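Structure file structure_35.cif; described as mmCIF, C-alpha atoms.
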```cif
data_start
loop_
_atom_site.label_atom_id
_atom_site.label_comp_id
_atom_site.auth_asym_id
_atom_site.auth_seq_id
_atom_site.Cartn_x
_atom_site.Cartn_y
_atom_site.Cartn_z
CA MET A 1 102.12 93.70 109.24
CA GLU A 2 104.29 91.75 106.80
CA CYS A 3 104.28 88.64 104.69
CA VAL A 4 107.39 86.52 104.90
CA VAL A 5 108.87 83.27 103.66
CA GLN A 6 112.34 81.87 104.20
CA GLY A 7 114.63 79.30 102.71
CA ILE A 8 118.25 78.26 102.69
CA ILE A 9 120.78 77.98 99.92
CA GLU A 10 124.31 76.71 99.80
CA THR A 11 126.86 79.51 99.65
CA GLN A 12 128.30 78.07 96.42
CA HIS A 13 124.98 78.78 94.69
CA VAL A 14 124.50 82.35 95.94
CA GLU A 15 126.13 83.86 92.88
CA ALA A 16 123.69 82.02 90.64
CA LEU A 17 120.81 83.18 92.79
CA GLU A 18 122.03 86.75 92.46
CA ILE A 19 122.05 86.42 88.66
CA LEU A 20 118.51 85.12 88.74
CA LEU A 21 117.34 87.86 91.08
CA GLN A 22 119.04 90.54 89.00
CA GLY A 23 117.12 89.35 85.98
CA LEU A 24 113.82 89.11 87.79
CA CYS A 25 113.97 92.32 89.78
CA GLY A 26 115.61 94.69 87.35
CA VAL A 27 117.29 96.65 90.13
CA HIS A 28 120.75 96.70 91.62
CA ARG A 29 121.48 94.76 94.72
CA GLU A 30 122.09 96.62 97.97
CA ASP A 31 124.72 95.23 100.28
CA PHE A 32 124.17 95.24 103.99
CA ARG A 33 126.00 94.39 107.16
CA ILE A 34 123.47 94.54 109.94
CA HIS A 35 124.23 94.16 113.61
CA GLU A 36 121.05 92.80 115.16
CA LEU A 37 120.55 92.90 118.91
CA CYS A 38 117.67 90.99 120.44
CA LEU A 39 116.56 92.48 123.75
CA LYS A 40 114.17 90.89 126.19
CA SER A 41 112.38 92.34 129.15
CA GLY A 42 113.23 91.19 132.65
CA PRO A 43 110.79 89.33 134.91
CA ASN A 44 109.87 92.48 136.84
CA LEU A 45 109.12 94.52 133.76
CA GLY A 46 105.51 94.10 132.79
CA LEU A 47 103.07 91.23 132.98
CA VAL A 48 104.15 89.86 129.63
CA ASN A 49 107.67 89.04 128.54
CA SER A 50 108.48 91.19 125.58
CA GLU A 51 111.15 91.12 122.94
CA VAL A 52 112.41 93.86 120.71
CA ARG A 53 115.14 93.91 118.08
CA LEU A 54 117.54 96.72 117.41
CA LEU A 55 119.19 96.75 114.02
CA PHE A 56 122.22 98.80 113.09
CA ASP A 57 123.23 98.88 109.44
CA LEU A 58 126.99 99.25 109.37
CA TYR A 59 127.12 99.78 105.61
CA GLN A 60 125.01 102.92 105.50
CA ALA A 61 126.86 106.17 104.84
CA GLU A 62 125.17 107.50 107.95
CA PRO A 63 124.63 104.44 110.15
CA THR A 64 121.10 104.29 111.43
CA TRP A 65 119.33 102.33 114.11
CA THR A 66 116.01 100.61 113.56
CA VAL A 67 113.77 99.32 116.32
CA LYS A 68 111.76 96.32 115.20
CA HIS A 69 108.96 94.46 116.90
CA VAL A 70 107.82 91.19 115.36
CA GLY A 71 104.49 90.05 116.66
CA GLY A 72 102.39 86.95 116.43
CA ALA A 73 101.48 85.27 113.17
CA MET A 74 97.99 85.22 111.78
CA ARG A 75 96.25 82.08 112.96
CA GLY A 76 93.24 80.08 111.96
CA ALA A 77 92.13 77.84 109.15
CA GLY A 78 92.70 80.54 106.58
CA ALA A 79 96.26 81.13 107.71
CA GLU A 80 97.10 77.44 107.58
CA GLN A 81 96.01 77.24 103.98
CA ILE A 82 98.38 79.88 102.71
CA SER A 83 102.05 79.19 102.16
CA VAL A 84 103.19 82.60 103.34
CA LEU A 85 103.45 83.71 106.94
CA VAL A 86 101.46 86.84 107.76
CA ARG A 87 102.47 88.50 111.01
CA THR A 88 102.43 91.84 112.74
CA MET A 89 105.62 93.82 112.42
CA VAL A 90 106.39 97.40 113.35
CA GLU A 91 109.61 99.26 112.65
CA SER A 92 110.87 102.64 113.73
CA LYS A 93 114.04 104.48 112.89
CA ALA A 94 115.69 105.90 115.98
CA SER A 95 118.63 107.99 117.07
CA LYS A 96 121.91 106.42 118.09
CA ASN A 97 121.24 106.18 121.83
CA VAL A 98 118.15 104.02 121.46
CA LEU A 99 120.06 101.00 122.75
CA ARG A 100 120.93 102.93 125.88
CA LEU A 101 117.23 103.80 126.23
CA PHE A 102 116.11 100.19 126.24
CA TYR A 103 118.87 99.18 128.65
CA ALA A 104 117.77 102.05 130.89
CA LEU A 105 114.18 100.78 130.74
CA GLY A 106 115.25 97.38 131.97
CA TYR A 107 115.73 95.36 128.81
CA LYS A 108 118.58 92.87 128.63
CA LEU A 109 120.60 91.65 125.69
CA ASP A 110 119.46 88.12 124.90
CA HIS A 111 121.63 87.55 121.85
CA GLU A 112 123.17 89.40 118.97
CA LEU A 113 123.85 88.52 115.36
CA LEU A 114 125.65 89.93 112.38
CA ARG A 115 123.82 89.52 109.10
CA VAL A 116 126.02 90.04 106.06
CA GLY A 117 124.59 89.91 102.58
CA PHE A 118 122.62 91.73 99.97
CA ALA A 119 119.03 92.56 99.13
CA PHE A 120 116.87 93.42 96.17
CA HIS A 121 113.98 95.85 96.71
CA PHE A 122 111.43 96.00 93.91
CA GLN A 123 107.78 96.28 93.01
CA ARG A 124 106.02 93.21 91.58
CA GLY A 125 102.42 93.16 92.67
CA ALA A 126 103.68 94.31 96.07
CA ARG A 127 106.76 96.01 97.43
CA ILE A 128 108.97 92.93 97.80
CA THR A 129 112.38 92.58 99.39
CA VAL A 130 114.57 89.54 98.80
CA SER A 131 117.56 89.31 101.10
CA VAL A 132 120.36 86.76 100.97
CA SER A 133 122.63 86.69 103.97
CA SER A 134 124.93 84.73 106.16
CA VAL A 135 123.98 84.83 109.79
CA ASN A 136 127.01 85.20 112.04
CA LYS A 137 127.54 85.07 115.76
CA MET A 138 130.03 87.34 117.46
CA LEU A 139 132.85 85.78 119.39
CA LYS A 140 133.05 88.84 121.59
CA LEU A 141 130.35 91.18 122.78
CA HIS A 142 129.41 93.69 120.05
CA ALA A 143 132.44 92.67 117.96
CA THR A 144 131.27 93.26 114.39
CA ASP A 145 134.63 93.16 112.61
CA GLY A 146 135.13 90.47 110.01
CA ASP A 147 137.42 88.18 111.98
CA GLU A 148 135.36 88.25 115.13
CA ALA A 149 132.13 86.91 113.68
CA VAL A 150 131.65 83.35 112.49
CA PRO A 151 128.76 81.86 110.53
CA VAL A 152 126.14 80.08 112.54
CA THR A 153 125.71 77.65 109.63
CA PRO A 154 128.92 77.56 107.56
CA GLY A 155 128.30 77.05 103.87
CA ILE A 156 124.62 77.88 104.16
CA GLN A 157 122.92 81.23 103.69
CA LEU A 158 119.48 82.44 104.58
CA VAL A 159 117.09 83.76 101.94
CA GLU A 160 114.14 85.85 103.07
CA VAL A 161 111.35 87.23 100.95
CA THR A 162 109.30 89.88 102.75
CA ALA A 163 106.64 92.38 101.80
CA PRO A 164 104.74 94.91 103.93
CA ALA A 165 101.01 94.36 104.13
CA THR A 166 97.88 95.68 105.79
CA PRO A 167 94.80 93.86 107.06
CA GLU A 168 93.04 95.11 103.95
CA ASN A 169 95.52 93.99 101.31
CA TYR A 170 97.44 91.04 102.77
CA SER A 171 95.71 88.59 100.41
CA GLU A 172 97.07 90.41 97.38
CA VAL A 173 100.51 90.64 98.96
CA VAL A 174 100.48 86.93 99.77
CA ALA A 175 99.60 86.18 96.16
CA ALA A 176 102.40 88.44 94.89
CA VAL A 177 104.99 86.84 97.17
CA SER A 178 103.86 83.32 96.33
CA SER A 179 103.95 84.05 92.65
CA PHE A 180 107.44 85.47 92.84
CA CYS A 181 108.72 82.54 94.87
CA GLU A 182 107.82 80.18 92.07
CA TYR A 183 110.56 81.73 89.94
CA LEU A 184 113.11 80.77 92.58
CA ALA A 185 111.88 77.19 92.96
CA PRO A 186 114.68 75.54 90.95
CA LEU A 187 117.27 77.03 93.30
CA LEU A 188 115.55 76.97 96.66
CA HIS A 189 112.32 76.24 98.40
CA LEU A 190 110.75 79.06 100.37
CA SER A 191 108.33 78.39 103.17
CA LYS A 192 107.00 79.85 106.39
CA PRO A 193 109.68 80.53 109.02
CA GLY A 194 110.04 77.53 111.25
CA VAL A 195 109.07 75.08 108.51
CA SER A 196 112.34 73.45 107.55
CA THR A 197 112.67 72.24 103.98
CA GLY A 198 116.41 72.02 103.40
CA VAL A 199 118.14 72.58 100.08
CA VAL A 200 116.41 71.55 96.86
CA PRO A 201 117.90 68.74 94.77
CA THR A 202 117.72 70.81 91.57
CA ALA A 203 119.81 73.64 92.99
CA ALA A 204 123.15 72.50 91.61
CA ALA A 205 121.86 71.99 88.07
CA ALA A 206 119.93 75.24 88.11
CA ALA A 207 122.91 77.14 89.42
CA ALA A 208 125.18 75.66 86.78
CA SER A 209 122.74 76.67 84.09
CA LEU A 210 122.54 80.20 85.37
CA MET A 211 126.29 80.54 85.68
CA SER A 212 126.96 79.12 82.24
CA ASP A 213 124.99 81.73 80.35
CA GLY A 214 124.66 84.52 82.88
CA GLY A 215 120.95 84.12 83.41
CA GLY A 216 119.84 83.90 79.80
CA THR A 217 118.39 80.45 80.37
CA THR A 218 114.75 80.25 81.25
CA LEU A 219 114.38 77.93 84.23
CA MET B 1 104.69 106.36 130.69
CA VAL B 2 104.93 104.26 133.82
CA ARG B 3 106.39 100.84 134.37
CA GLU B 4 104.22 97.85 134.98
CA GLN B 5 104.67 96.20 138.41
CA SER B 6 107.71 98.09 139.55
CA LEU B 7 109.40 95.92 142.11
CA THR B 8 112.78 97.57 142.23
CA ALA B 9 114.06 101.10 141.95
CA GLU B 10 116.80 99.99 139.60
CA PHE B 11 114.98 101.18 136.51
CA PRO B 12 113.11 104.42 135.92
CA ARG B 13 109.59 104.37 137.22
CA ASP B 14 108.47 106.64 134.44
CA PHE B 15 109.74 108.61 131.50
CA PHE B 16 108.45 111.18 129.04
CA GLY B 17 107.24 110.85 125.51
CA ILE B 18 106.65 113.94 123.38
CA SER B 19 105.36 114.67 119.90
CA LEU B 20 105.96 118.07 118.31
CA PRO B 21 103.67 119.65 115.69
CA GLU B 22 106.60 120.66 113.48
CA GLN B 23 107.83 117.04 113.44
CA PRO B 24 104.63 115.05 112.79
CA ASN B 25 106.47 111.83 111.91
CA LYS B 26 108.74 111.84 114.94
CA TYR B 27 108.43 110.99 118.60
CA TYR B 28 110.81 111.78 121.44
CA PHE B 29 111.55 109.86 124.62
CA MET B 30 113.30 111.32 127.63
CA ILE B 31 114.57 109.79 130.84
CA ARG B 32 115.48 112.91 132.79
CA GLY B 33 117.21 111.06 135.58
CA GLN B 34 119.67 109.63 133.10
CA ARG B 35 119.81 112.71 130.88
CA LEU B 36 118.74 110.63 127.95
CA VAL B 37 116.76 111.82 124.92
CA VAL B 38 115.95 109.66 121.92
CA GLU B 39 114.38 110.68 118.63
CA ALA B 40 112.44 108.02 116.76
CA ASP B 41 109.78 107.60 114.12
CA SER B 42 106.27 108.01 115.46
CA THR B 43 105.73 104.26 115.00
CA ILE B 44 107.84 103.78 118.15
CA GLN B 45 104.64 104.48 120.10
CA THR B 46 103.05 101.41 118.53
CA ILE B 47 106.10 99.36 119.45
CA MET B 48 105.97 100.52 123.07
CA ASP B 49 102.26 99.66 123.21
CA LYS B 50 102.96 96.18 121.94
CA LEU B 51 105.83 95.63 124.37
CA GLN B 52 103.48 96.38 127.29
CA SER B 53 106.38 97.03 129.63
CA TYR B 54 105.40 100.67 130.09
CA LYS B 55 101.95 102.19 129.78
CA SER B 56 100.85 105.78 129.31
CA ARG B 57 99.81 107.29 132.64
CA VAL B 58 99.14 110.93 131.89
CA ALA B 59 98.84 112.63 128.52
CA LEU B 60 99.09 116.40 128.46
CA CYS B 61 98.26 118.70 125.57
CA PHE B 62 99.90 122.04 125.01
CA GLU B 63 97.41 124.02 122.98
CA GLY B 64 97.19 127.68 122.16
CA PHE B 65 98.24 130.24 119.61
CA GLN B 66 101.31 131.00 117.58
CA TYR B 67 102.50 134.52 116.88
CA GLN B 68 105.13 135.98 114.62
CA LEU B 69 106.91 139.04 116.08
CA GLY B 70 109.58 140.04 113.59
CA ASP B 71 112.27 137.37 113.79
CA PHE B 72 110.66 135.83 116.84
CA GLN B 73 108.07 133.07 116.84
CA LEU B 74 106.01 132.93 119.97
CA ARG B 75 103.74 130.15 121.13
CA VAL B 76 101.54 130.66 124.16
CA GLY B 77 99.19 127.98 125.31
CA LYS B 78 97.53 126.20 128.14
CA VAL B 79 98.51 122.81 129.45
CA VAL B 80 95.57 120.48 129.96
CA PRO B 81 95.21 116.72 130.38
CA SER B 82 94.00 114.99 127.21
CA HIS B 83 90.55 114.17 128.51
CA SER B 84 90.01 117.05 130.87
CA GLU B 85 89.75 120.80 130.90
CA ASN B 86 91.61 121.26 134.18
CA LEU B 87 94.25 123.86 133.57
CA ARG B 88 97.66 122.61 134.69
CA GLY B 89 99.62 125.66 133.59
CA ILE B 90 100.50 128.05 130.83
CA VAL B 91 103.52 127.56 128.62
CA MET B 92 105.25 130.06 126.41
CA GLU B 93 107.76 129.05 123.78
CA VAL B 94 110.03 131.66 122.24
CA GLU B 95 112.02 130.88 119.12
CA TYR B 96 114.49 133.21 117.46
CA LEU B 97 114.37 132.10 113.84
CA PRO B 98 117.50 133.50 112.17
CA ILE B 99 120.08 131.70 114.35
CA SER B 100 120.43 128.03 115.25
CA SER B 101 123.34 128.53 117.64
CA MET B 102 122.06 128.84 121.18
CA GLU B 103 125.10 130.74 122.38
CA LYS B 104 124.93 133.29 119.58
CA ALA B 105 121.21 133.81 120.16
CA ARG B 106 121.42 133.86 123.96
CA GLN B 107 121.71 137.61 124.44
CA ILE B 108 118.87 138.54 122.12
CA MET B 109 116.66 135.84 123.61
CA GLU B 110 117.30 137.11 127.12
CA GLU B 111 116.51 140.66 126.04
CA PHE B 112 113.23 139.53 124.53
CA VAL B 113 112.25 137.66 127.67
CA ASP B 114 113.18 140.65 129.83
CA ILE B 115 110.88 142.86 127.74
CA TRP B 116 108.16 140.24 128.00
CA GLN B 117 108.50 139.91 131.77
CA GLU B 118 108.32 143.68 132.19
CA ALA B 119 105.18 143.86 130.05
CA ILE B 120 103.58 141.06 132.04
CA SER B 121 104.46 142.60 135.38
CA LYS B 122 102.53 145.75 134.49
CA ARG B 123 99.37 143.71 133.96
CA SER B 124 99.24 142.42 137.54
CA LEU B 125 98.43 138.92 136.32
CA PRO B 126 98.52 136.10 138.87
CA GLY B 127 101.52 133.81 138.70
CA HIS B 128 104.77 134.38 136.91
CA PHE B 129 106.73 132.79 134.12
CA MET B 130 109.62 130.60 135.14
CA HIS B 131 112.36 129.58 132.77
CA ILE B 132 114.62 126.72 133.71
CA GLU B 133 117.14 126.01 131.01
CA PRO B 134 118.20 122.38 130.94
CA ASN B 135 121.87 121.52 130.70
CA PHE B 136 121.68 120.31 127.14
CA SER B 137 125.24 119.05 127.10
CA GLU B 138 124.31 116.49 129.76
CA TYR B 139 121.89 115.05 127.21
CA GLY B 140 124.62 114.90 124.59
CA LEU B 141 123.10 117.80 122.69
CA LEU B 142 125.27 120.41 121.03
CA ASP B 143 125.01 124.15 120.56
CA HIS B 144 123.12 123.74 117.26
CA TYR B 145 119.44 123.77 118.19
CA THR B 146 117.38 120.75 117.15
CA PRO B 147 113.93 119.32 117.85
CA GLN B 148 115.58 117.16 120.52
CA HIS B 149 116.41 120.37 122.40
CA THR B 150 112.72 121.33 122.23
CA ALA B 151 111.69 117.93 123.51
CA VAL B 152 114.07 118.21 126.47
CA GLN B 153 112.74 121.66 127.29
CA TYR B 154 109.13 120.47 127.29
CA ALA B 155 110.04 117.52 129.50
CA THR B 156 111.69 119.95 131.90
CA VAL B 157 108.60 122.16 131.86
CA VAL B 158 106.30 119.23 132.61
CA ALA B 159 108.56 118.00 135.39
CA GLN B 160 108.63 121.46 136.91
CA MET B 161 104.85 121.72 136.61
CA ILE B 162 104.37 118.40 138.36
CA ALA B 163 106.83 119.32 141.09
CA THR B 164 105.15 122.70 141.69
CA GLN B 165 101.68 121.21 141.89
CA THR B 166 102.88 118.45 144.20
CA VAL B 167 104.28 121.06 146.58
CA GLN B 168 101.04 123.03 146.43
CA ALA B 169 98.99 119.91 147.07
CA THR B 170 101.17 119.12 150.09
CA ARG B 171 100.69 122.63 151.50
CA ASN B 172 96.94 122.44 151.04
#
```

Show how you would write the structure in this file as structure tokens.
Amino acid sequence: MECVVQGIIETQHVEALEILLQGLCGVHREDFRIHELCLKSGPNLGLVNSEVRLLFDLYQAEPTWTVKHVGGAMRGAGAEQISVLVRTMVESKASKNVLRLFYALGYKLDHELLRVGFAFHFQRGARITVSVSSVNKMLKLHATDGDEAVPVTPGIQLVEVTAPATPENYSEVVAAVSSFCEYLAPLLHLSKPGVSTGVVPTAAAAAASLMSDGGGTTL
Amino acid sequence: MVREQSLTAEFPRDFFGISLPEQPNKYYFMIRGQRLVVEADSTIQTIMDKLQSYKSRVALCFEGFQYQLGDFQLRVGKVVPSHSENLRGIVMEVEYLPISSMEKARQIMEEFVDIWQEAISKRSLPGHFMHIEPNFSEYGLLDHYTPQHTAVQYATVVAQMIATQTVQATRN
């Protein structure tokens, strides 16, 4: 289970966002270049169509594969009242031939992406991860080199704030994520995935302030 | 695990999943027909459950005793279905601890098994131990022994057990 919110920011303001995050998180950023493959089951494979994601971090010293299943979001009146999406999510590290396994089981590649960016992992009421990345599509199958991937939305980057949760503690995690997101409000608005909010009008001024004094300004 | 609503023979009808006591946080999948073995975190079982494309058909437990004989570690146990006491077979696992290279350890392992077989033969016990060594290189595994080698061996044992009992059922 995880709690997640998303937002977008113009690429020109990413440096300012990084300054802000550095000050808030107190940890170093971790760069990533993740090849994400979305596999879907065929029509003759089970009663229910299923989707699984395979992630390969190209920046790791020893590249590792992660299998990720994102399930349905929490529903109901209580879920609608909170500003953070709570959904089931299970991850598993796997050996390098896991892609071959899923192909052998009948899964097909639906689409693939290359996410390039950085993340901050820190503890603030919950174990929170803030990632800032450009989402790129590959011009050729599995081509992850720089020139063969182009941004899906040029000039715009995706910001995700996620935190693992359990059925017992998701309320506290939601509160921690919501509280943290308020610090980012001058630069971007974070909301549930699928709820489009666009860029915030204060972003340019906030970014300029951050860049002018390296984050010393209190927003 | 078996596939739901198999309409074509293009994809494997079933494959093996194994957990090992010495690797409590890991799980291993094998598709023998494609000589494929994958090591993953144990949470992969939850993912497979959620995907619902394959469901667990038979779960077997290998349970017994572990012995230390000098540099050898011996495990002998019975094979029973999870929710039954029907004995499906007896498995013995021999591990030579000082060496991880299979080739370097091959001679001493064979000598140990020869001694074991001779001791067993003098007891006039029904049945006999069969050892079928998989071709590990076909699975992409190297000479250095790893838990993936163990997983492949257990999958081979189970497949052999199923094949033997199928033949016996046909004869009966």

Chain B residues within 6 Å of chain A, counting only C-alpha atoms: which ones, as a VMD selection string?
chain B and resid 4 11 38 to 41 43 to 44 51 53

Centre, edges in Å (one decimal): axis-aligned box, region 117-133 of chain B, 4 Å padding on all six sides, as lines of an AutoDock Vina configuration file:
```
center_x = 107.8
center_y = 135.9
center_z = 134.5
size_x = 26.7
size_y = 27.7
size_z = 16.8
```

Any idea what's packed within 9 Å of Gln73 (chain B), counting all atoms listed in the file, ignoring anything in its chain fewer than 6 positions away? Could you give it as a PyMOL selection string?
chain B and resi 66-67+93-97

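The nearest approach to Leu188 (chain A) among the residues A:Val86, A:Ala205, A:Glu172, A:Ala79, with only C-alpha atoms taken into account, belongs to A:Ala205.
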
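The residues returned by the PyMOL selection byres ((chain B and resi 90) around 7) for this structure are Gly77, Lys78, Val79, Gly89, Val91 and Met92 of chain B.
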
7 Å contact set for Glu112 (chain A), only C-alpha atoms, chain neighbours under 4 positions out, as a ChimeraX atom specification:
/A:36-38,137

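When only C-alpha atoms are used to measure the gap to Ser42 (chain B), the shortest distance among B:His83, B:Lys55, B:Lys26, B:His131 belongs to B:Lys26.
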
Would you mind completing region 88-110 of chain A to N, CA and C atoms and writing the output as a compact mmCIF listing (two decimals), in the frame of the given file?
```txt
# COMPACT_ATOMS: atom_id res chain seq x y z
N THR A 88 102.30 90.41 112.43
CA THR A 88 102.43 91.84 112.74
C THR A 88 103.91 92.19 112.84
N MET A 89 104.23 93.35 112.37
CA MET A 89 105.62 93.82 112.42
C MET A 89 105.61 95.34 112.38
N VAL A 90 106.31 95.94 113.30
CA VAL A 90 106.39 97.40 113.35
C VAL A 90 107.85 97.80 113.44
N GLU A 91 108.24 98.77 112.63
CA GLU A 91 109.61 99.26 112.65
C GLU A 91 109.62 100.76 112.92
N SER A 92 110.71 101.21 113.51
CA SER A 92 110.87 102.64 113.73
C SER A 92 112.34 102.99 113.66
N LYS A 93 112.68 103.96 112.87
CA LYS A 93 114.04 104.48 112.89
C LYS A 93 114.23 105.22 114.21
N ALA A 94 115.45 105.23 114.70
CA ALA A 94 115.69 105.90 115.98
C ALA A 94 117.10 106.45 116.02
N SER A 95 117.31 107.38 116.92
CA SER A 95 118.63 107.99 117.07
C SER A 95 119.58 107.03 117.76
N LYS A 96 120.86 107.37 117.74
CA LYS A 96 121.91 106.42 118.09
C LYS A 96 121.88 105.93 119.52
N ASN A 97 121.25 106.63 120.44
CA ASN A 97 121.24 106.18 121.83
C ASN A 97 119.99 105.37 122.19
N VAL A 98 119.36 104.78 121.18
CA VAL A 98 118.15 104.02 121.46
C VAL A 98 118.49 102.74 122.23
N LEU A 99 119.67 102.19 122.00
CA LEU A 99 120.06 101.00 122.75
C LEU A 99 120.18 101.34 124.22
N ARG A 100 120.78 102.48 124.49
CA ARG A 100 120.93 102.93 125.88
C ARG A 100 119.54 103.13 126.52
N LEU A 101 118.59 103.61 125.71
CA LEU A 101 117.23 103.80 126.23
C LEU A 101 116.64 102.49 126.70
N PHE A 102 116.72 101.46 125.86
CA PHE A 102 116.11 100.19 126.24
C PHE A 102 116.84 99.54 127.41
N TYR A 103 118.15 99.68 127.47
CA TYR A 103 118.87 99.18 128.65
C TYR A 103 118.39 99.92 129.90
N ALA A 104 118.20 101.25 129.75
CA ALA A 104 117.77 102.05 130.89
C ALA A 104 116.37 101.65 131.35
N LEU A 105 115.54 101.19 130.40
CA LEU A 105 114.18 100.78 130.74
C LEU A 105 114.11 99.38 131.32
N GLY A 106 115.24 98.68 131.34
CA GLY A 106 115.25 97.38 131.97
C GLY A 106 115.37 96.20 131.02
N TYR A 107 115.57 96.46 129.75
CA TYR A 107 115.73 95.36 128.81
C TYR A 107 117.16 94.83 128.85
N LYS A 108 117.27 93.52 128.61
CA LYS A 108 118.58 92.87 128.63
C LYS A 108 118.89 92.30 127.25
N LEU A 109 120.19 92.25 126.95
CA LEU A 109 120.60 91.65 125.69
C LEU A 109 120.46 90.14 125.78
N ASP A 110 119.62 89.58 124.93
CA ASP A 110 119.46 88.12 124.90
C ASP A 110 120.49 87.49 123.98
```
